[in-house]
Structure formats: structure tokens, C-alpha cells
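> See coords-v4.cif below, with mmCIF, C-alpha atoms.
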data_run
#
loop_
_atom_site.label_atom_id
_atom_site.label_comp_id
_atom_site.auth_asym_id
_atom_site.auth_seq_id
_atom_site.Cartn_x
_atom_site.Cartn_y
_atom_site.Cartn_z
CA MET A 230 3.23 -3.01 20.63
CA THR A 231 0.86 -5.53 19.02
CA PHE A 232 0.26 -5.84 15.30
CA SER A 233 -3.23 -6.13 13.84
CA MET A 234 -2.46 -8.08 10.66
CA GLY A 235 -0.66 -11.26 9.80
CA GLY A 236 1.41 -12.10 6.78
CA CYS A 237 0.06 -13.55 3.56
CA PRO A 238 1.63 -16.81 2.37
CA LYS A 239 2.33 -17.17 -1.34
CA LYS A 240 -0.35 -18.35 -3.73
CA ASP A 241 0.42 -21.23 -6.06
CA ALA A 242 0.61 -20.91 -9.85
CA GLY A 243 -2.88 -22.31 -10.34
CA ASN A 244 -4.49 -19.76 -8.09
CA MET A 245 -2.57 -17.00 -9.86
CA ARG A 246 -3.91 -18.07 -13.26
CA ASP A 247 -7.47 -18.16 -11.94
CA LEU A 248 -7.15 -14.67 -10.49
CA GLU A 249 -5.64 -13.32 -13.70
CA LYS A 250 -8.72 -14.56 -15.56
CA GLN A 251 -10.84 -12.57 -13.12
CA GLN A 252 -8.70 -9.51 -13.79
CA THR A 253 -9.35 -9.58 -17.54
CA ALA A 254 -13.03 -8.79 -17.04
CA SER A 255 -12.13 -5.58 -15.21
CA VAL A 256 -10.12 -4.05 -18.05
CA GLU A 257 -11.89 -1.48 -20.22
CA PRO A 258 -11.74 -1.77 -24.04
CA ASN A 259 -9.37 1.22 -24.22
CA GLY A 260 -6.84 -0.58 -22.02
CA SER A 261 -7.56 1.38 -18.88
CA VAL A 262 -8.49 -0.40 -15.68
CA GLN A 263 -11.67 0.33 -13.79
CA SER A 264 -10.98 1.97 -10.44
CA GLU A 265 -13.23 1.80 -7.41
CA VAL A 266 -13.44 4.94 -5.28
CA ARG A 267 -15.13 5.10 -1.90
CA SER A 268 -18.44 6.94 -1.70
CA GLU A 269 -17.03 9.79 0.38
CA ASP A 270 -14.79 10.76 -2.53
CA SER A 271 -17.04 13.66 -3.46
CA GLY A 272 -14.39 16.31 -4.00
CA LYS A 273 -16.30 18.60 -1.63
CA ALA A 274 -16.06 19.13 2.10
CA GLU A 275 -19.26 18.34 3.97
CA GLY A 276 -21.33 21.47 4.40
CA ALA A 277 -18.81 23.60 2.54
CA GLY A 278 -18.85 25.23 -0.87
CA GLU A 279 -15.13 24.95 -1.52
CA SER A 280 -13.37 22.01 -3.07
CA VAL A 281 -11.25 19.86 -0.78
CA LYS A 282 -7.61 19.43 -1.71
CA TYR A 283 -6.83 15.81 -1.02
CA GLU A 284 -3.32 14.67 -0.17
CA LYS A 285 -1.38 11.50 -0.96
CA ALA A 286 0.64 9.15 1.23
CA THR A 287 2.40 5.94 0.25
CA PHE A 288 3.32 3.12 2.61
CA ALA A 289 4.87 -0.34 2.34
CA ALA A 290 4.35 -2.72 5.26
CA GLY A 291 4.34 -6.26 3.93
CA CYS A 292 1.51 -7.84 1.95
CA PHE A 293 -0.43 -4.96 0.44
CA TRP A 294 -3.79 -6.72 0.80
CA GLY A 295 -3.89 -6.30 4.56
CA VAL A 296 -2.21 -2.90 4.52
CA GLU A 297 -4.85 -1.55 2.16
CA ALA A 298 -7.69 -2.94 4.28
CA SER A 299 -6.27 -1.26 7.38
CA PHE A 300 -6.04 2.15 5.76
CA ARG A 301 -9.47 1.88 4.14
CA ALA A 302 -10.94 1.57 7.63
CA VAL A 303 -9.59 5.01 8.60
CA GLU A 304 -12.09 7.89 8.64
CA GLY A 305 -10.92 10.53 6.18
CA VAL A 306 -9.25 8.12 3.76
CA VAL A 307 -10.88 8.80 0.40
CA SER A 308 -9.40 6.01 -1.72
CA THR A 309 -6.59 3.47 -1.82
CA THR A 310 -4.61 1.78 -4.58
CA VAL A 311 -2.22 -1.13 -4.19
CA GLY A 312 0.82 -1.28 -6.40
CA TYR A 313 4.56 -1.46 -6.75
CA THR A 314 7.11 1.28 -6.12
CA GLY A 315 10.68 1.93 -5.09
CA GLY A 316 12.32 -0.24 -7.72
CA ARG A 317 13.45 -0.22 -11.33
CA ARG A 318 11.34 0.43 -14.40
CA ALA A 319 9.84 -2.79 -15.66
CA THR A 320 9.68 -4.36 -19.08
CA ARG A 321 6.00 -4.98 -19.79
CA PRO A 322 4.71 -2.39 -22.31
CA LEU A 323 1.24 -0.96 -21.70
CA ALA A 324 -1.00 1.54 -23.48
CA GLY A 325 0.62 4.96 -23.69
CA GLY A 326 4.15 3.57 -23.84
CA ARG A 327 4.38 2.95 -20.09
CA ALA A 328 5.86 -0.15 -18.53
CA ASN A 329 4.44 -1.71 -15.40
CA PRO A 330 6.06 -4.40 -13.30
CA THR A 331 3.94 -7.51 -13.01
CA TYR A 332 3.19 -9.31 -9.77
CA GLN A 333 5.32 -12.23 -10.91
CA GLN A 334 8.27 -9.93 -11.65
CA VAL A 335 8.03 -8.20 -8.28
CA CYS A 336 7.85 -11.55 -6.48
CA THR A 337 11.27 -12.51 -7.85
CA GLY A 338 12.81 -9.64 -5.89
CA LYS A 339 14.78 -8.64 -8.98
CA THR A 340 12.81 -5.45 -9.77
CA GLY A 341 13.56 -3.86 -6.40
CA HIS A 342 9.93 -2.83 -5.98
CA ALA A 343 7.98 -3.02 -2.74
CA GLU A 344 4.32 -3.95 -2.43
CA ALA A 345 2.83 -0.63 -1.39
CA VAL A 346 -0.43 1.22 -0.85
CA GLU A 347 -1.13 4.69 -2.18
CA VAL A 348 -3.54 6.48 0.15
CA ILE A 349 -5.57 9.52 -0.88
CA TYR A 350 -6.89 11.30 2.19
CA ASP A 351 -8.78 14.39 3.31
CA PRO A 352 -6.41 16.39 5.56
CA ASN A 353 -9.43 18.06 7.14
CA LYS A 354 -10.47 14.68 8.57
CA VAL A 355 -7.23 12.78 9.07
CA SER A 356 -3.62 13.93 9.35
CA PHE A 357 -0.45 12.38 8.04
CA GLU A 358 0.53 11.80 11.67
CA ASP A 359 -2.68 9.77 12.11
CA LEU A 360 -1.79 7.66 9.09
CA LEU A 361 1.70 7.12 10.50
CA ALA A 362 0.13 5.86 13.74
CA VAL A 363 -1.82 3.27 11.73
CA PHE A 364 1.29 2.32 9.78
CA TRP A 365 3.28 1.55 12.95
CA LYS A 366 0.46 -0.56 14.38
CA ILE A 367 -0.19 -2.87 11.45
CA HIS A 368 3.27 -4.36 10.98
CA ASP A 369 6.61 -4.95 12.64
CA PRO A 370 9.01 -2.23 11.44
CA THR A 371 12.00 -3.86 13.14
CA ILE A 372 12.29 -6.83 10.78
CA LEU A 373 14.18 -6.37 7.51
CA ASN A 374 12.42 -7.65 4.38
CA ARG A 375 9.87 -9.81 6.15
CA GLN A 376 6.36 -9.65 7.56
CA GLY A 377 4.94 -12.88 8.95
CA PRO A 378 5.52 -15.70 6.44
CA ASP A 379 6.18 -13.21 3.60
CA VAL A 380 9.90 -12.94 2.93
CA GLY A 381 11.68 -10.76 0.38
CA THR A 382 12.62 -7.16 -0.34
CA GLN A 383 9.15 -6.60 -1.80
CA TYR A 384 7.78 -6.91 1.75
CA ARG A 385 10.07 -4.31 3.30
CA SER A 386 8.85 -1.56 5.59
CA ALA A 387 8.97 1.85 3.93
CA ILE A 388 7.46 5.32 3.97
CA PHE A 389 7.59 7.00 0.56
CA HIS A 390 7.27 10.71 1.32
CA HIS A 391 5.70 13.12 -1.17
CA THR A 392 6.67 16.39 0.54
CA PRO A 393 9.43 17.68 2.82
CA GLU A 394 6.80 17.92 5.57
CA GLN A 395 5.95 14.22 5.27
CA GLN A 396 9.65 13.39 5.40
CA ALA A 397 10.14 15.46 8.56
CA LEU A 398 7.06 13.99 10.25
CA ALA A 399 8.11 10.43 9.39
CA LYS A 400 11.61 10.95 10.79
CA ALA A 401 10.24 12.62 13.93
CA SER A 402 7.84 9.71 14.39
CA VAL A 403 10.70 7.19 14.24
CA GLU A 404 12.77 9.23 16.68
CA LYS A 405 9.90 9.34 19.18
CA LEU A 406 9.23 5.62 18.92
CA GLU A 407 12.90 4.87 19.44
CA LYS A 408 13.15 7.28 22.36
CA ASP A 409 10.07 5.77 24.00
CA ARG A 410 11.37 2.26 23.29
CA VAL A 411 8.06 1.18 21.84
CA PHE A 412 9.80 -1.66 19.99
CA LYS A 413 12.36 -4.05 21.44
CA ARG A 414 14.58 -3.81 18.36
CA PRO A 415 15.71 -0.84 16.23
CA ILE A 416 13.31 0.35 13.53
CA VAL A 417 14.55 -0.51 10.02
CA THR A 418 11.81 1.29 8.06
CA GLN A 419 13.05 3.12 4.99
CA ILE A 420 12.06 6.80 4.70
CA VAL A 421 12.63 7.65 1.05
CA PRO A 422 11.25 10.01 -1.61
CA ALA A 423 8.17 8.78 -3.44
CA ALA A 424 9.03 7.28 -6.82
CA SER A 425 6.93 6.11 -9.77
CA PHE A 426 3.97 4.13 -8.46
CA TYR A 427 2.70 1.30 -10.66
CA LYS A 428 -0.85 0.14 -10.02
CA ALA A 429 -1.05 -3.60 -9.36
CA GLU A 430 -3.25 -5.96 -11.33
CA GLU A 431 -6.95 -5.34 -10.78
CA TYR A 432 -7.59 -8.53 -8.80
CA HIS A 433 -5.23 -7.20 -6.12
CA GLN A 434 -7.27 -4.03 -5.62
CA ARG A 435 -9.38 -4.23 -2.43
CA TYR A 436 -8.72 -7.97 -2.55
CA LEU A 437 -9.73 -8.81 1.03
CA GLU A 438 -12.93 -6.82 0.67
CA LYS A 439 -13.81 -8.82 -2.43
CA GLN A 440 -13.17 -12.02 -0.47
CA GLY A 441 -15.27 -10.88 2.50
CA LYS A 442 -12.20 -10.74 4.74
CA ASN A 443 -10.57 -7.98 6.78
CA THR A 444 -7.23 -9.62 7.55
CA CYS A 445 -4.52 -11.48 5.65
CA SER A 446 -3.90 -14.04 8.38
CA SER A 447 -5.98 -16.80 6.82
CA THR A 448 -5.62 -15.83 3.17
CA VAL A 449 -3.31 -17.44 0.63
CA HIS A 450 -1.20 -14.84 -1.20
#
Take the structure in this file and express it as C-alpha cells.

Amino acid sequence: MTFSMGGCPKKDAGNMRDLEKQQTASVEPNGSVQSEVRSEDSGKAEGAGESVKYEKATFAAGCFWGVEASFRAVEGVVSTTVGYTGGRRATRPLAGGRANPTYQQVCTGKTGHAEAVEVIYDPNKVSFEDLLAVFWKIHDPTILNRQGPDVGTQYRSAIFHHTPEQQALAKASVEKLEKDRVFKRPIVTQIVPAASFYKAEEYHQRYLEKQGKNTCSSTVH
């Protein structure tokens, strides 16, 4: 199997400071962060009078910039958010008494969080199985804690299931891939219950789109 995205090498401290300045302009006065939702996020099915019940899926597959871009290209995906999940509660206090891990904290590997993408999708247009198919194509699930040049537990391969059905489908998907010997090495992807998801800094959201790119391969991260 071939993979459609490359890893994202680390950005230097100077680039990080410049991007954080860009982030400040996106924060509302009340402390909330502006979110960008795709135009098809109407809350209604096309040609129908009933509201659509969207579903959520969460995946980690290396650098979340490229992972997000891949899922945003899928018909039926309503919105995406990049963030951190699967680790310990962080120490930075935010409005409302919450605590979010920062990018710098996650990069140390000490928080236990993975860079992940939360996908909101219309099950009438795309299934969880379809999203799993994308997930397996965009990274190498046989390498532990590494994708391309990105190394660390934050880049691990993981499926964070939100329902027993998602858990069963994810496990069945792994079993089929292993049986069909799609990969030369055993799959090491974690299949674990969804935990608290912390939205990443605003400059990370739809980052490649903002840069006019559709792949991480030539982007400094």
C-alpha cells in the first residue's frame, strides 16, 4: 500500500513565535477561538426537511496538518478540528477553568497526547468504514511513534472510538488488513476509547489550506 502524505519536520522556535502572533488575531474578546466550518455544514440533509444527525470520529496518524487536509477532501465530511488527545490533563488554565495542553508541551512527549483530528461527518454521505479506508491510506500504521521525519509518541497511529460500533468496525478493519497482508509488518495502531479532545492553537487549524498546500511533504512543522 502507498501513502499519500509525508511527514512534517519540526519548525524552529522563530517560526513558532511568528505563528503564535498570527494566532492572537483569531481569538475573540471573550476568550473563545473562531472556528471555520465548511459550507456544507447546514444541519439539514439536501432536499429533506429533517435535521441530519452528524457523527464524530477521531484519528491520529502523524502530523495533524496533513491528516486534516486528507479528511477535509472526503465528500460527506462536514468539519474538522486538529488537537491533542489521549494524554494527561495539561497545566495551562483557560477561560471556564479548563486546561489545554500547548503545542510546545505536547512536543516534549511528556503529556502523552497525540496530534489528532476530530472529524464531524454526515453518515448519510460517508460511513465510518469509508473514513477508516482513508485513515489506512494516508500513513504507515506499522511504525510505532513515527511518521516520516516526525518522531515521538505524539505522532503515533491511533483510532479513538466514540461508540462500541466504531470500536468493532476498527478492530474488524485491522483484522481484515492483517488477513489480506496489505502491510508487510504488523499493524501497531492503537484502538482506544475517545478521551478529552483539546483543540490546538488556531494557527494549526486548516494550516495547509491557509498556506495553499495540500500535503505536508514540503512544509516545515
> Under the PyMOL selection byres ((chain A and resi 306) around 9), which residues of this model are included? Write them out as a PyMOL selection string.
chain A and resi 267+269-270+300-305+307-309+348-352+354-355
> Show me a table, sorted first by chain and then by increasing residue number, of the residues of region 369-390 of chain A having an atom at most 7 Å from region 400-424 of chain A, each with its shortest atom pair and the distance in Å to one decimal, counting only C-alpha atoms and written as JSON lines.

{"residue": "A:Pro370", "atom": "CA", "partner": "A:Ile416", "partner_atom": "CA", "distance": 5.4}
{"residue": "A:Thr371", "atom": "CA", "partner": "A:Ile416", "partner_atom": "CA", "distance": 4.4}
{"residue": "A:Ile372", "atom": "CA", "partner": "A:Val417", "partner_atom": "CA", "distance": 6.8}
{"residue": "A:Leu373", "atom": "CA", "partner": "A:Val417", "partner_atom": "CA", "distance": 6.4}
{"residue": "A:Ser386", "atom": "CA", "partner": "A:Thr418", "partner_atom": "CA", "distance": 4.8}
{"residue": "A:Ala387", "atom": "CA", "partner": "A:Gln419", "partner_atom": "CA", "distance": 4.4}
{"residue": "A:Ile388", "atom": "CA", "partner": "A:Ile420", "partner_atom": "CA", "distance": 4.9}
{"residue": "A:Phe389", "atom": "CA", "partner": "A:Ala423", "partner_atom": "CA", "distance": 4.4}
{"residue": "A:His390", "atom": "CA", "partner": "A:Pro422", "partner_atom": "CA", "distance": 5.0}
> Please compute the CA of Val311 (chain A)-CA of Phe364 (chain A) distance, one decimal, in Å.
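These atoms are spaced 14.8 Å apart.
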> List as a PyMOL selection string the protein and nucleic acid residues near Asn374 (chain A), meaning an atom at most 8 Å away when all atoms listed in the file are counted, but skip any in the same chain fewer than 2 places from it.
chain A and resi 372+376+380-386
> Given the choices A:His368, A:Lys282, A:His342, A:Arg375, which gets closest to Lys428 (chain A) if the distance is worked out from only C-alpha atoms?
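Closest residue, counting only C-alpha atoms: A:His342.
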> Could you state the separation of CA of Thr287 (chain A) and CA of Gln396 (chain A) in Å, given to one decimal place?
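For CA of Thr287 (chain A) relative to CA of Gln396 (chain A), the distance reads 11.6 Å.
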> Pick the closest to Ala343 (chain A) from A:Gly312, A:Leu361, A:Pro393, A:Glu284: which is it, counting only C-alpha atoms?
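That would be A:Gly312, the residue with the smallest distance to Ala343 (chain A).
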> Report the distance between CA of Ala399 (chain A) and CA of Trp294 (chain A) in Å, rounded to one decimal place.
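Taking CA of Ala399 (chain A) as the start and CA of Trp294 (chain A) as the end point, the length is 22.6 Å.
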> Measuring between all atoms listed in the file, which one of A:Ala362, A:Thr340, A:Ala298, A:Thr310 shows the shortest distance to Gly441 (chain A)?
A:Ala298
> Measuring between only C-alpha atoms, which one of A:Gln334, A:Thr314, A:Gln440, A:Ser299 shows the shortest distance to Ile367 (chain A)?
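Going through A:Gln334, A:Thr314, A:Gln440, A:Ser299 one by one, the smallest distance to Ile367 (chain A) is for A:Ser299.
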> With the PyMOL selection byres ((chain A and resi 427) around 12) as the selection, what would be picked from this file? Answer as a ChimeraX atom specification, please.
/A:287,310-319,321,323,327-332,335,342-347,423-426,428-431
